[in-house]
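Q: Can you read through this structure? Questions will come right after.
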Number of protein chains: 4
Amino acid sequence: MRQLTQYLTNHTWAFMLMISSVTSSVYALPDPGMEIDPERTALVITDPQNDFLSPDGVTWGVVGTSVTENNTVANIEALLKAAKANGIPVFISPHYYFPADHGWKFEGALETLMHNIGMFDRTGPLNLEGFEGSGADWLEIYKPYIDDGETVVSSPHKVYGPENNDLMLQLRKRGIDKVILGGMSANLCTESHMRELMERGFEVAVVSDATAGAIVPEGDGYQAALVNFRFIANAVWTTEQAVQKIQQATSSN
Amino acid sequence: MRQLTQYLTNHTWAFMLMISSVTSSVYALPDPGMEIDPERTALVITDPQNDFLSPDGVTWGVVGTSVTENNTVANIEALLKAAKANGIPVFISPHYYFPADHGWKFEGALETLMHNIGMFDRTGPLNLEGFEGSGADWLEIYKPYIDDGETVVSSPHKVYGPENNDLMLQLRKRGIDKVILGGMSANLCTESHMRELMERGFEVAVVSDATAGAIVPEGDGYQAALVNFRFIANAVWTTEQAVQKIQQATSSN
Amino acid sequence: MRQLTQYLTNHTWAFMLMISSVTSSVYALPDPGMEIDPERTALVITDPQNDFLSPDGVTWGVVGTSVTENNTVANIEALLKAAKANGIPVFISPHYYFPADHGWKFEGALETLMHNIGMFDRTGPLNLEGFEGSGADWLEIYKPYIDDGETVVSSPHKVYGPENNDLMLQLRKRGIDKVILGGMSANLCTESHMRELMERGFEVAVVSDATAGAIVPEGDGYQAALVNFRFIANAVWTTEQAVQKIQQATSSN
Amino acid sequence: MRQLTQYLTNHTWAFMLMISSVTSSVYALPDPGMEIDPERTALVITDPQNDFLSPDGVTWGVVGTSVTENNTVANIEALLKAAKANGIPVFISPHYYFPADHGWKFEGALETLMHNIGMFDRTGPLNLEGFEGSGADWLEIYKPYIDDGETVVSSPHKVYGPENNDLMLQLRKRGIDKVILGGMSANLCTESHMRELMERGFEVAVVSDATAGAIVPEGDGYQAALVNFRFIANAVWTTEQAVQKIQQATSSN
């Protein structure tokens with residue numbers, strides 16, 4: 001192996017990585033971590049909407065198991081509560097489809113699915129008829145946090161990531177460069193937000209049980225996301241860890 | 001479930017999806033597919049470089065098993081050969097790190113790893129000293145295809161996706177809006193390219209055995225990618241299918 | 001001058017360019033032009049809203065002269081009418097500010113101005129109270145074109161360009177790669193849309209009298225835009241030319 | 001005029017703006033300014049290359065007058081010197097064209113021009129043959145600043161802005177969110193960098209005499225840029241002001 005001796009000497013982890021790939025018993029990937037700076041850190045929640053999180057939502061049949069097992073609904077609320085209590089700004093990146101979106105000429109697999117089942121459908125960009133309580137609306141218990149006049153609601157993302165909405169600009173315009181990320185669904189919008197935020201130079205800590213994923217015959221979206229969170233993010237926390245870190249970082253100020 | 005009757009009536013697949021989530025025996029996700037239009041389709045290969053694909057590369061210890069099992073090296077070559085033989089333009093999105101990149105103040109887990117092991121390192125953006133045959137160089141057998149004066153080599157991506165290089169502009173400037181995607185590694189650069197290309201309105205068919213992923217104690221990168229390819233892409237093909245489709249699409253012209 | 005002889009020989013225009021810089025009498029810049037392909041071309045209008053185009057709008061004091069001189073209001077309508085009559089899809093990129101946008105920590109000069117005068121203000125992203133007839137609403141005469149159930153209204157841009165909304169995705173999802181561009185205001189949103197669309201690989205023909213600009217002591221925004229349209233765009237047309245080209249391109253189909 | 005009384009009362013500047021549009025004697029646009037935080041501010045120079053700044057460069061015939069009048073070459077050097085002396089990091093965003101770029105199927109006016117005259121041409125992305133001293137190389141007097149092992153040279157931009165290179169990621173990865181911007185040419189790459197940086201949430205102070213523009217029969221690129229700098233940027237400084245502000249901001253630390 002190229003320059004093996006050199007990097008064995010210099011980089012202990014590289015050695016551990018190779019060992020671990022044999023023994024599967026050593027924690028091998030680096031874990032860079034993310035320090036919460038209260039002035040520059042925000043909580044971002046993707047798709048906290050009925051169609052993902054309510055038993056009445058159109059995807060409950062495939063995400064319900066994962067949402068229940070992770071205690072996702074309560075965990076997202078715990079993050080919202082901790083952020084609000086400790087002055088960490090909250091940003092919501094919602095998912096809406098308008099009638100014009102159904103005129104797209106091509107779509108990937110899950111996009112096709114979402115359009116077919118009318119997921120996140122709204123009457124129009126300038127029309128709120130039927131929105132209240134619909135699958136596109138916030139889960140009822142989150143409304144006090146989102147509607148408090150402080151939370152920033154970005155324009156809707158349209159595929160999975162924030163490439164086509166104003167979430168990143170809203171973060172930057174408030175001096176945010178670190179994101180605590182939760183929401184739905186794990187390997188789709190949450191992971192695409194993690195990836196895009198990192199490509200644009202944000203640090204991202206993903207909260208692994210404040211999300212959940214679809215389980216279908218083709219695969220377990222939640223398990224796939226867990227692997228990618230661990231490979232890619234700056235940090236992966238549980239909700240309990242995230243809440244604790246938020247409290248510690250803000251109380252020390 | 002909301003409006004169950006209506007979408008059971010209108011959308012047979014939704015019904016199958018729910019059934020399948022119970023029985024795990026029915027093919028459930030939509031499979032939109034991608035039609036190759038020879039005038040508007042390109043082959044894109046990420047990171048066809050020694051550090052991923054050569055037994056001498058710095059990551060062989062963690063990706064070697066997956067590369068070998070998938071026959072990745074030969075499959076990428078088969079794609080290159082089929083594209084060149086049938087007039088499908090080829091684009092390469094490489095991964096290079098320059099000395100200045102080691103001055104970054106924060107990095108995600110795999111970024112930290114790549115920097116630590118000197119992966120894809122080059123002497124400088126305007127310096128090719130030591131490049132030939134290094135871990136950052138093309139795998140030797142791909143050079144005839146890449147150095148033929150026709151293949152477009154984009155500037156390097158720096159995290160995992162094409163957000164920070166000119167790949168997408170190069171594709172658009174040649175009228176390409178459909179991409180056949182292969183290369184390394186599955187859940188990192190290949191998947192980030194798939195996601196970003198789709199956010200920017202390209203159709204993407206991923207070639208699932210013309211890639212491979214790292215297997216570490218924290219997870220199997222290749223398996224995670226397979227799930228996400230299937231959930232997200234417009235199409236997932238084997239190399240054999242991709243080659244056949246390229247031949248059919250171009251011969252019919 | 002470097003290799004003067006060579007490029008004088010090969011490139012007649014380079015010679016003309018040098019001459020013209022002395023005489024100011026020869027048309028010097030290349031004029032690549034844009035061919036309308038009805039299947040791949042759309043009309044994009046930026047900010048067709050009261051605050052720019054109505055004498056009651058908050059900026060009329062500085063843009064009114066230019067809007068009147070260019071006959072901008074009627075010219076935008078002529079474009080909308082020609083597009084609709086000939087099957088060219090229409091996209092609107094609006095400008096809205098929500099209460100949260102007033103919490104930004106820094107702004108450029110015109111951003112500061114727009115926020116200060118309450119330009120394009122709306123009550124909230126999920127609130128249409130007071131919207132009808134406000135400065136953020138469409139100019140009344142455009143409503144039949146925009147509200148016809150076919151026009152695509154993107155999410156709002158937030159600075160000047162389409163970097164932070166879904167306009168470009170909406171165009172790509174319908175196979176559009178050529179844009180006929182008009183709207184307000186010339187050197188701000190219209191020019192930023194032109195620049196960003198071109199960076200992302202669209203061809204852009206700007207309609208130079210279907211826009212207008214602010215004239216303030218610091219400069220004439222319309223004149224600045226005219227220079228940059230001519231330097232940068234693929235084509236610069238008058239409304240009359242644009243309408244004629246739309247009719248010709250679509251009738252020949 | 002809508003709510004005239006109210007905003008006359010609340011917003012003195014709005015009143016001044018209207019007055020000034022008549023008298024042309026009052027400074028009307030807001031001037032938000034930019035405070036240099038030495039930890040978060042960088043100097044960015046676009047295209048400090050022979051083809052723009054050397055009398056031997058291919059564009060000297062059209063930019064030479066503006067470069068000479070502004071004292072651009074010396075002013076850019078003064079910025080580089082001040083930044084280096086005071087610990088402000090320096091980033092260069094170069095412009096290169098490779099043989100593949102000449103295969104683009106469409107181009108705007110100036111893109112066509114640049115390709116036609118062989119501006120910024122290099123032999124290939126992995127080929128430095130003939131680069132030294134060419135039109136694409138740095139102006140000789142800047143080399144000590146750029147080649148000092150500290151300056152970050154991004155990958156090349158390909159149209160005018162940093163949308164297709166890694167400049168913004170490089171800035172973010174070092175915690176930079178404020179940019180002092182100079183370089184060539186005023187209304188093309190410099191202005192497109194200003195616009196894109198601002199869309200992505202950077203603050204930008206443009207140095208108005210550390211740039212210059214082409215003057216052709218179709219218009220004066222420098223004058224157009226001056227208008228847009230003033231309308232859009234967070235601040236517009238002379239080189240003298242910029243150097244002074246850099247010194248003050250860093251000495252107070």
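Ligands are numbered from 1 in the order shown, residues from 1 within each chain, and chains are lettered A, B, ... in the order they appear in the structure tokens.
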If you count only C-alpha atoms, which residues fall within 8 Å of range 182-189 of chain D, apart from same-chain ones fewer than 6 positions away, as a PyMOL selection string?
A: (chain C and resi 228+232) or (chain D and resi 43-48+52+76+159-161+206-208+210-214+221-222+224-226)
Q: Counting only C-alpha atoms, which residues of chain D come no farther than 10 Å from chain B, as a PyMOL selection string?
A: chain D and resi 98-101+103-107+124-128+131+149-159+162-175
Q: Write out as an NGL selection string the set of residues from range 13-231 of chain C that DSSP, computed on the backbone, places in helix (DSSP H, G or I).
A: :C and (13-23 or 50-53 or 60-70 or 72-85 or 99-103 or 109-116 or 140-146 or 162-164 or 167-172 or 186-199 or 221-231)
Q: Can you list, as a list of chain:residue names, all residues belonging to range 59-144 of chain D that DSSP tags as strand (DSSP E or B)?
A: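 Filtering range 59-144 of chain D to strand (DSSP E or B) leaves D:Val90, D:Phe91, D:Ile92, D:Ser93, D:His95, D:Tyr97, D:Asp121, D:Gly124, D:Asn127, D:Trp138.
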Q: For Gly118 in chain D, find every residue with an atom within 10 Å (counting only C-alpha atoms), except residues of its own chain fewer than 5 positions away, and show them as a list in words.
A: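 These residues fall inside the cut-off: Tyr7 of chain C; Asp51, Val58, Tyr97, Phe98, His102, Leu113, Gly135 and Ala136 of chain D.
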Q: For the full set of C-alpha atoms taken in order, report to one decimal the RMSD after fitting chain D onto chain B.
A: 0.1 Å
